[in-house]
file run16.cif (mmCIF, C-alpha atoms and all ligand atoms)
data_coords
#
loop_
_atom_site.label_atom_id
_atom_site.label_comp_id
_atom_site.auth_asym_id
_atom_site.auth_seq_id
_atom_site.Cartn_x
_atom_site.Cartn_y
_atom_site.Cartn_z
CA MET A 123 0.00 0.00 0.00
CA GLU A 124 1.20 3.50 -0.86
CA THR A 125 2.10 5.63 2.15
CA THR A 126 1.31 9.31 2.12
CA VAL A 127 4.35 11.57 2.23
CA GLU A 128 3.94 15.26 2.89
CA ILE A 129 5.00 17.18 -0.20
CA GLN A 130 6.88 20.37 0.52
CA PHE A 131 9.64 22.15 -1.37
CA THR A 132 12.34 23.86 0.65
CA GLU A 133 12.69 27.66 0.62
CA GLN A 134 15.61 27.23 -1.76
CA GLU A 135 13.60 25.04 -4.13
CA LEU A 136 10.68 27.45 -4.05
CA GLN A 137 13.03 30.33 -4.81
CA LYS A 138 14.45 28.41 -7.77
CA ILE A 139 10.92 27.95 -9.15
CA GLU A 140 10.11 31.63 -8.59
CA ASN A 141 13.28 32.64 -10.46
CA LEU A 142 12.39 30.36 -13.36
CA LYS A 143 8.88 31.81 -13.53
CA THR A 144 10.33 35.26 -14.31
CA ARG A 145 11.68 33.89 -17.62
CA TYR A 146 8.25 33.14 -19.00
CA LEU A 147 5.06 35.03 -19.75
CA LYS A 148 2.91 32.50 -17.90
CA PRO A 149 3.92 30.99 -14.53
CA ASP A 150 2.65 27.53 -15.49
CA SER A 151 5.34 27.36 -18.20
CA VAL A 152 7.69 25.99 -15.53
CA ILE A 153 5.54 22.91 -14.99
CA LEU A 154 8.22 20.53 -16.32
CA GLU A 155 10.81 21.93 -13.90
CA VAL A 156 8.37 21.55 -11.01
CA LEU A 157 7.59 17.96 -12.00
CA TYR A 158 11.28 17.07 -12.42
CA LEU A 159 11.99 18.49 -9.00
CA LEU A 160 9.13 16.53 -7.44
CA GLN A 161 10.33 13.31 -9.05
CA GLU A 162 13.95 13.92 -8.06
CA LYS A 163 12.92 14.60 -4.47
CA TYR A 164 10.26 11.92 -3.94
CA GLY A 165 11.12 9.33 -6.61
CA TYR A 166 7.77 9.64 -8.34
CA ILE A 167 4.87 12.06 -8.73
CA SER A 168 2.06 11.14 -6.40
CA GLN A 169 -1.48 12.45 -6.33
CA GLU A 170 -0.37 14.77 -3.53
CA GLY A 171 2.58 15.89 -5.67
CA MET A 172 0.25 16.79 -8.53
CA LYS A 173 -1.98 18.73 -6.14
CA TYR A 174 1.05 20.56 -4.78
CA ALA A 175 2.27 21.43 -8.30
CA ALA A 176 -1.20 22.66 -9.28
CA GLU A 177 -1.40 24.96 -6.26
CA LEU A 178 2.13 26.22 -6.82
CA LEU A 179 1.43 27.08 -10.45
CA GLY A 180 -2.18 28.23 -10.12
CA ILE A 181 -3.55 25.60 -12.48
CA THR A 182 -5.88 22.63 -12.04
CA GLU A 183 -4.82 19.14 -10.94
CA GLU A 184 -6.24 17.85 -14.22
CA GLN A 185 -3.83 20.07 -16.17
CA VAL A 186 -0.93 18.70 -14.14
CA LEU A 187 -2.16 15.14 -14.64
CA GLY A 188 -2.32 15.77 -18.39
CA VAL A 189 1.37 16.72 -18.47
CA VAL A 190 2.49 13.94 -16.12
CA THR A 191 0.78 11.23 -18.14
CA PHE A 192 1.85 12.65 -21.51
CA TYR A 193 5.57 12.23 -20.83
CA THR A 194 6.96 8.75 -20.21
CA MET A 195 9.79 10.09 -18.03
CA PHE A 196 7.42 10.86 -15.19
CA ASN A 197 6.51 8.07 -12.79
CA THR A 198 3.15 8.11 -11.08
CA LYS A 199 3.98 5.32 -8.66
CA PRO A 200 7.07 4.27 -6.72
CA ILE A 201 9.74 2.66 -8.86
CA GLY A 202 12.76 0.47 -8.23
CA LYS A 203 16.24 1.71 -7.45
CA TYR A 204 17.11 1.08 -11.12
CA HIS A 205 14.56 2.17 -13.69
CA LEU A 206 15.13 0.20 -16.89
CA GLN A 207 13.57 2.13 -19.74
CA VAL A 208 13.59 0.14 -22.93
CA CYS A 209 13.06 2.14 -26.11
CA THR A 210 10.95 0.19 -28.60
CA ASN A 211 10.54 2.93 -31.19
CA VAL A 212 11.35 2.15 -34.83
CA SER A 213 15.17 2.16 -34.85
CA CYS A 214 15.44 0.25 -31.60
CA MET A 215 12.64 -2.12 -32.60
CA LEU A 216 14.46 -2.95 -35.85
CA LYS A 217 17.62 -3.67 -33.83
CA GLY A 218 15.94 -6.11 -31.45
CA ALA A 219 14.46 -3.95 -28.67
CA TYR A 220 11.55 -6.34 -28.12
CA ASP A 221 13.97 -9.22 -27.64
CA LEU A 222 15.80 -7.13 -25.03
CA LEU A 223 12.52 -6.32 -23.31
CA LYS A 224 11.52 -10.00 -23.23
CA LYS A 225 14.98 -10.96 -21.95
CA LEU A 226 14.69 -8.44 -19.12
CA GLU A 227 11.21 -9.62 -18.21
CA ASN A 228 12.42 -13.22 -18.06
CA GLU A 229 15.60 -12.39 -16.17
CA LEU A 230 13.83 -10.26 -13.55
CA ASN A 231 10.63 -12.28 -13.51
CA ILE A 232 8.42 -9.22 -13.88
CA LYS A 233 6.48 -7.64 -16.74
CA LYS A 234 6.98 -4.12 -18.07
CA GLY A 235 5.42 -1.60 -15.68
CA GLU A 236 6.30 -3.77 -12.68
CA THR A 237 8.98 -3.63 -9.99
CA THR A 238 10.92 -6.58 -8.61
CA SER A 239 9.92 -7.61 -5.09
CA ASP A 240 13.30 -6.51 -3.73
CA GLY A 241 12.60 -2.99 -5.04
CA LEU A 242 15.70 -3.05 -7.19
CA PHE A 243 14.39 -2.93 -10.77
CA THR A 244 11.43 -1.47 -12.62
CA ILE A 245 10.95 -2.10 -16.33
CA SER A 246 9.28 0.44 -18.60
CA GLU A 247 8.76 0.48 -22.33
CA VAL A 248 9.40 4.00 -23.63
CA GLU A 249 9.30 6.01 -26.82
CA CYS A 250 12.39 7.24 -28.72
CA LEU A 251 15.19 8.32 -26.42
CA GLY A 252 16.76 10.44 -29.14
CA SER A 253 19.72 8.16 -29.67
CA CYS A 254 18.50 6.18 -32.69
CA GLY A 255 22.00 6.01 -34.24
CA THR A 256 23.16 3.82 -31.37
CA ALA A 257 20.06 1.60 -31.22
CA PRO A 258 19.02 -0.42 -29.38
CA VAL A 259 19.09 1.81 -26.33
CA VAL A 260 18.05 1.26 -22.73
CA GLN A 261 18.07 4.16 -20.29
CA ILE A 262 18.82 3.17 -16.70
CA ASN A 263 18.03 6.05 -14.38
CA GLU A 264 19.92 8.95 -16.00
CA ASP A 265 22.37 6.88 -18.06
CA TYR A 266 22.08 5.61 -21.62
CA TYR A 267 23.28 2.11 -22.53
CA GLU A 268 23.69 1.92 -26.29
CA ASN A 269 24.35 -0.62 -29.05
CA LEU A 270 23.05 -3.25 -26.69
CA ASN A 271 22.59 -6.93 -27.16
CA GLU A 272 21.14 -9.49 -24.75
CA GLU A 273 24.53 -10.51 -23.40
CA LYS A 274 25.61 -6.94 -22.66
CA LEU A 275 22.29 -6.16 -21.05
CA LEU A 276 22.43 -9.17 -18.72
CA GLN A 277 25.97 -8.19 -17.79
CA ILE A 278 24.78 -4.69 -16.87
CA ILE A 279 21.97 -6.14 -14.75
CA GLN A 280 24.45 -8.34 -12.94
CA GLU A 281 26.76 -5.38 -12.30
CA LEU A 282 23.86 -3.40 -10.85
CA ARG A 283 22.93 -6.34 -8.62
CA ASN A 284 26.54 -6.64 -7.44
CA LYS A 285 26.61 -2.95 -6.54
CA THR A 286 23.87 -3.47 -4.00
CA LEU A 287 25.42 -6.49 -2.27
S1 LIG B 301 14.21 4.69 -31.65
FE1 LIG B 301 15.24 4.14 -29.83
S2 LIG B 301 16.46 5.87 -29.44
FE2 LIG B 301 15.31 6.46 -31.15
#
call {"tool": "encode", "arguments": {"input": "run16.cif", "output": "structure tokens"}}
result
Amino acid sequence: METTVEIQFTEQELQKIENLKTRYLKPDSVILEVLYLLQEKYGYISQEGMKYAAELLGITEEQVLGVVTFYTMFNTKPIGKYHLQVCTNVSCMLKGAYDLLKKLENELNIKKGETTSDGLFTISEVECLGSCGTAPVVQINEDYYENLNEEKLLQIIQELRNKTL
């Protein structure tokens, strides 16, 4: 069950948002920055986080929800320590992205959209990551892993597992 965490930016974070607002004609233009900050701070964007963002920007929760659900980089539920984002857009698909996705699902014993029971890995299928020339690509947290094959990917998974031992 999801626990409720109080959402509150620090004075410094609020000041950063206020400074960014001065660059735009409309204050809600900084919505992506607010959402990134929420995700960085809390790991995902909860219902409470969306409410907080809406109040901060003077827009409706539905408007915030629309942005959050439009972009695949925003998580609306808690995710694992390592977020495995498999691009299956055209270039990656042609270079075997679906085989990589299947391999990951089998290796971790979860389906895309799920998190392993130890909280270590979450798999997501995502749209183009903008690195089509080095397809297939998997983004793990902030890092890109390019020109992948199944062997390399399993090696990366093992290295990530070893890091947490
Ligand atoms: S299609 Fe995968 S990075 Fe562009």
call {"tool": "atom_distance", "arguments": {"input": "run16.cif", "atom1": "CA of Gln134 (chain A)", "atom2": "CA of Val190 (chain A)"}}
result
23.6 Å
call {"tool": "residues_near_point", "arguments": {"input": "run16.cif", "point": "(11.8, -1.3, -32.7)", "cutoff": "12 Å", "atoms": "all atoms listed in the file", "output": "list in words"}}
result
Val208, Cys209, Thr210, Asn211, Val212, Ser213, Cys214, Met215, Leu216, Lys217, Gly218, Ala219, Tyr220, Asp221, Leu222, Leu223, Glu247, Val248, Glu249, Cys250, Leu251, Cys254, Ala257, Pro258 and Val259 of chain A
call {"tool": "residues_near_point", "arguments": {"input": "run16.cif", "point": "(4.4, 12.1, 2.9)", "cutoff": "10 Å", "atoms": "all atoms listed in the file", "output": "CSV table (one decimal) with C-alpha atoms, in the coordinates of the input"}}
result
chain,number,residue,atom,x,y,z
A,124,GLU,CA,1.2,3.5,-0.9
A,125,THR,CA,2.1,5.6,2.2
A,126,THR,CA,1.3,9.3,2.1
A,127,VAL,CA,4.4,11.6,2.2
A,128,GLU,CA,3.9,15.3,2.9
A,129,ILE,CA,5.0,17.2,-0.2
A,130,GLN,CA,6.9,20.4,0.5
A,164,TYR,CA,10.3,11.9,-3.9
A,168,SER,CA,2.1,11.1,-6.4
A,170,GLU,CA,-0.4,14.8,-3.5
A,171,GLY,CA,2.6,15.9,-5.7
call {"tool": "residues_around", "arguments": {"input": "run16.cif", "residues": "Ser239 (chain A)", "least_positions_apart": "6", "cutoff": "12 Å", "atoms": "all atoms listed in the file", "output": "PDB file with C-alpha atoms, keeping the file's coordinate frame"}}
result
ATOM      1  CA  ILE A 201       9.740   2.660  -8.860  1.00  0.00           C
ATOM      2  CA  GLY A 202      12.760   0.470  -8.230  1.00  0.00           C
ATOM      3  CA  LYS A 203      16.240   1.710  -7.450  1.00  0.00           C
ATOM      4  CA  LEU A 230      13.830 -10.260 -13.550  1.00  0.00           C
ATOM      5  CA  ASN A 231      10.630 -12.280 -13.510  1.00  0.00           C
ATOM      6  CA  ILE A 232       8.420  -9.220 -13.880  1.00  0.00           C
TER       7      ILE A 232
END
call {"tool": "residues_around", "arguments": {"input": "run16.cif", "residues": "Gln207 (chain A)", "least_positions_apart": "3", "cutoff": "9 Å", "atoms": "all atoms listed in the file", "output": "MDAnalysis selection string"}}
result
chainID A and resid 195 244:248 259:263
call {"tool": "closest_residue", "arguments": {"input": "run16.cif", "among": "A:Gly252, A:Gly235, A:Gly165, A:Pro149", "to": "ligand LIG 301 (chain B)", "atoms": "all atoms listed in the file"}}
result
A:Gly252
call {"tool": "atom_distance", "arguments": {"input": "run16.cif", "atom1": "CA of Lys224 (chain A)", "atom2": "CA of Glu272 (chain A)"}}
result
9.8 Å
call {"tool": "atom_distance", "arguments": {"input": "run16.cif", "atom1": "CA of Leu142 (chain A)", "atom2": "CA of Val189 (chain A)"}}
result
18.3 Å
call {"tool": "decode", "arguments": {"input": "run16.cif", "residues": "region 228-256 of chain A", "atoms": "N, CA and C atoms", "output": "CSV table (one decimal), in the first residue's frame"}}
result
chain,number,residue,atom,x,y,z
A,228,ASN,N,12.1,-11.9,-18.5
A,228,ASN,CA,12.4,-13.2,-18.1
A,228,ASN,C,13.5,-13.2,-17.0
A,229,GLU,N,14.5,-12.4,-17.1
A,229,GLU,CA,15.6,-12.4,-16.2
A,229,GLU,C,15.1,-11.9,-14.8
A,230,LEU,N,14.3,-10.9,-14.8
A,230,LEU,CA,13.8,-10.3,-13.5
A,230,LEU,C,12.5,-10.8,-13.0
A,231,ASN,N,11.9,-11.6,-13.9
A,231,ASN,CA,10.6,-12.3,-13.5
A,231,ASN,C,9.5,-11.3,-13.2
A,232,ILE,N,9.5,-10.2,-14.0
A,232,ILE,CA,8.4,-9.2,-13.9
A,232,ILE,C,8.0,-8.8,-15.3
A,233,LYS,N,6.9,-8.2,-15.4
A,233,LYS,CA,6.5,-7.6,-16.7
A,233,LYS,C,6.8,-6.1,-16.8
A,234,LYS,N,6.8,-5.6,-18.0
A,234,LYS,CA,7.0,-4.1,-18.1
A,234,LYS,C,5.9,-3.4,-17.2
A,235,GLY,N,6.3,-2.3,-16.6
A,235,GLY,CA,5.4,-1.6,-15.7
A,235,GLY,C,5.5,-2.1,-14.3
A,236,GLU,N,6.2,-3.2,-14.0
A,236,GLU,CA,6.3,-3.8,-12.7
A,236,GLU,C,7.7,-3.6,-12.1
A,237,THR,N,7.7,-3.8,-10.7
A,237,THR,CA,9.0,-3.6,-10.0
A,237,THR,C,9.3,-5.0,-9.3
A,238,THR,N,10.6,-5.3,-9.3
A,238,THR,CA,10.9,-6.6,-8.6
A,238,THR,C,10.6,-6.5,-7.1
A,239,SER,N,10.4,-7.6,-6.5
A,239,SER,CA,9.9,-7.6,-5.1
A,239,SER,C,11.0,-7.1,-4.1
A,240,ASP,N,12.3,-7.1,-4.6
A,240,ASP,CA,13.3,-6.5,-3.7
A,240,ASP,C,13.4,-5.0,-3.9
A,241,GLY,N,12.6,-4.4,-4.8
A,241,GLY,CA,12.6,-3.0,-5.0
A,241,GLY,C,13.8,-2.5,-5.8
A,242,LEU,N,14.5,-3.4,-6.5
A,242,LEU,CA,15.7,-3.1,-7.2
A,242,LEU,C,15.4,-2.6,-8.6
A,243,PHE,N,14.6,-3.3,-9.3
A,243,PHE,CA,14.4,-2.9,-10.8
A,243,PHE,C,12.9,-2.7,-11.1
A,244,THR,N,12.7,-1.7,-12.0
A,244,THR,CA,11.4,-1.5,-12.6
A,244,THR,C,11.7,-1.4,-14.1
A,245,ILE,N,10.8,-2.1,-14.9
A,245,ILE,CA,10.9,-2.1,-16.3
A,245,ILE,C,9.9,-1.2,-16.9
A,246,SER,N,10.2,-0.3,-17.8
A,246,SER,CA,9.3,0.4,-18.6
A,246,SER,C,9.6,0.4,-20.1
A,247,GLU,N,8.6,0.4,-20.9
A,247,GLU,CA,8.8,0.5,-22.3
A,247,GLU,C,8.6,1.9,-22.7
A,248,VAL,N,9.5,2.6,-23.4
A,248,VAL,CA,9.4,4.0,-23.6
A,248,VAL,C,9.6,4.3,-25.1
A,249,GLU,N,9.2,5.5,-25.4
A,249,GLU,CA,9.3,6.0,-26.8
A,249,GLU,C,10.8,6.4,-27.1
A,250,CYS,N,11.0,6.9,-28.3
A,250,CYS,CA,12.4,7.2,-28.7
A,250,CYS,C,13.1,8.1,-27.7
A,251,LEU,N,14.4,7.6,-27.4
A,251,LEU,CA,15.2,8.3,-26.4
A,251,LEU,C,16.1,9.3,-27.1
A,252,GLY,N,16.0,9.5,-28.4
A,252,GLY,CA,16.8,10.4,-29.1
A,252,GLY,C,18.2,10.0,-29.4
A,253,SER,N,18.4,8.7,-29.4
A,253,SER,CA,19.7,8.2,-29.7
A,253,SER,C,19.6,7.0,-30.7
A,254,CYS,N,18.8,7.2,-31.7
A,254,CYS,CA,18.5,6.2,-32.7
A,254,CYS,C,19.7,5.6,-33.4
A,255,GLY,N,20.8,6.4,-33.6
A,255,GLY,CA,22.0,6.0,-34.2
A,255,GLY,C,22.8,5.0,-33.5
A,256,THR,N,22.5,4.8,-32.2
A,256,THR,CA,23.2,3.8,-31.4
A,256,THR,C,22.2,2.8,-30.8
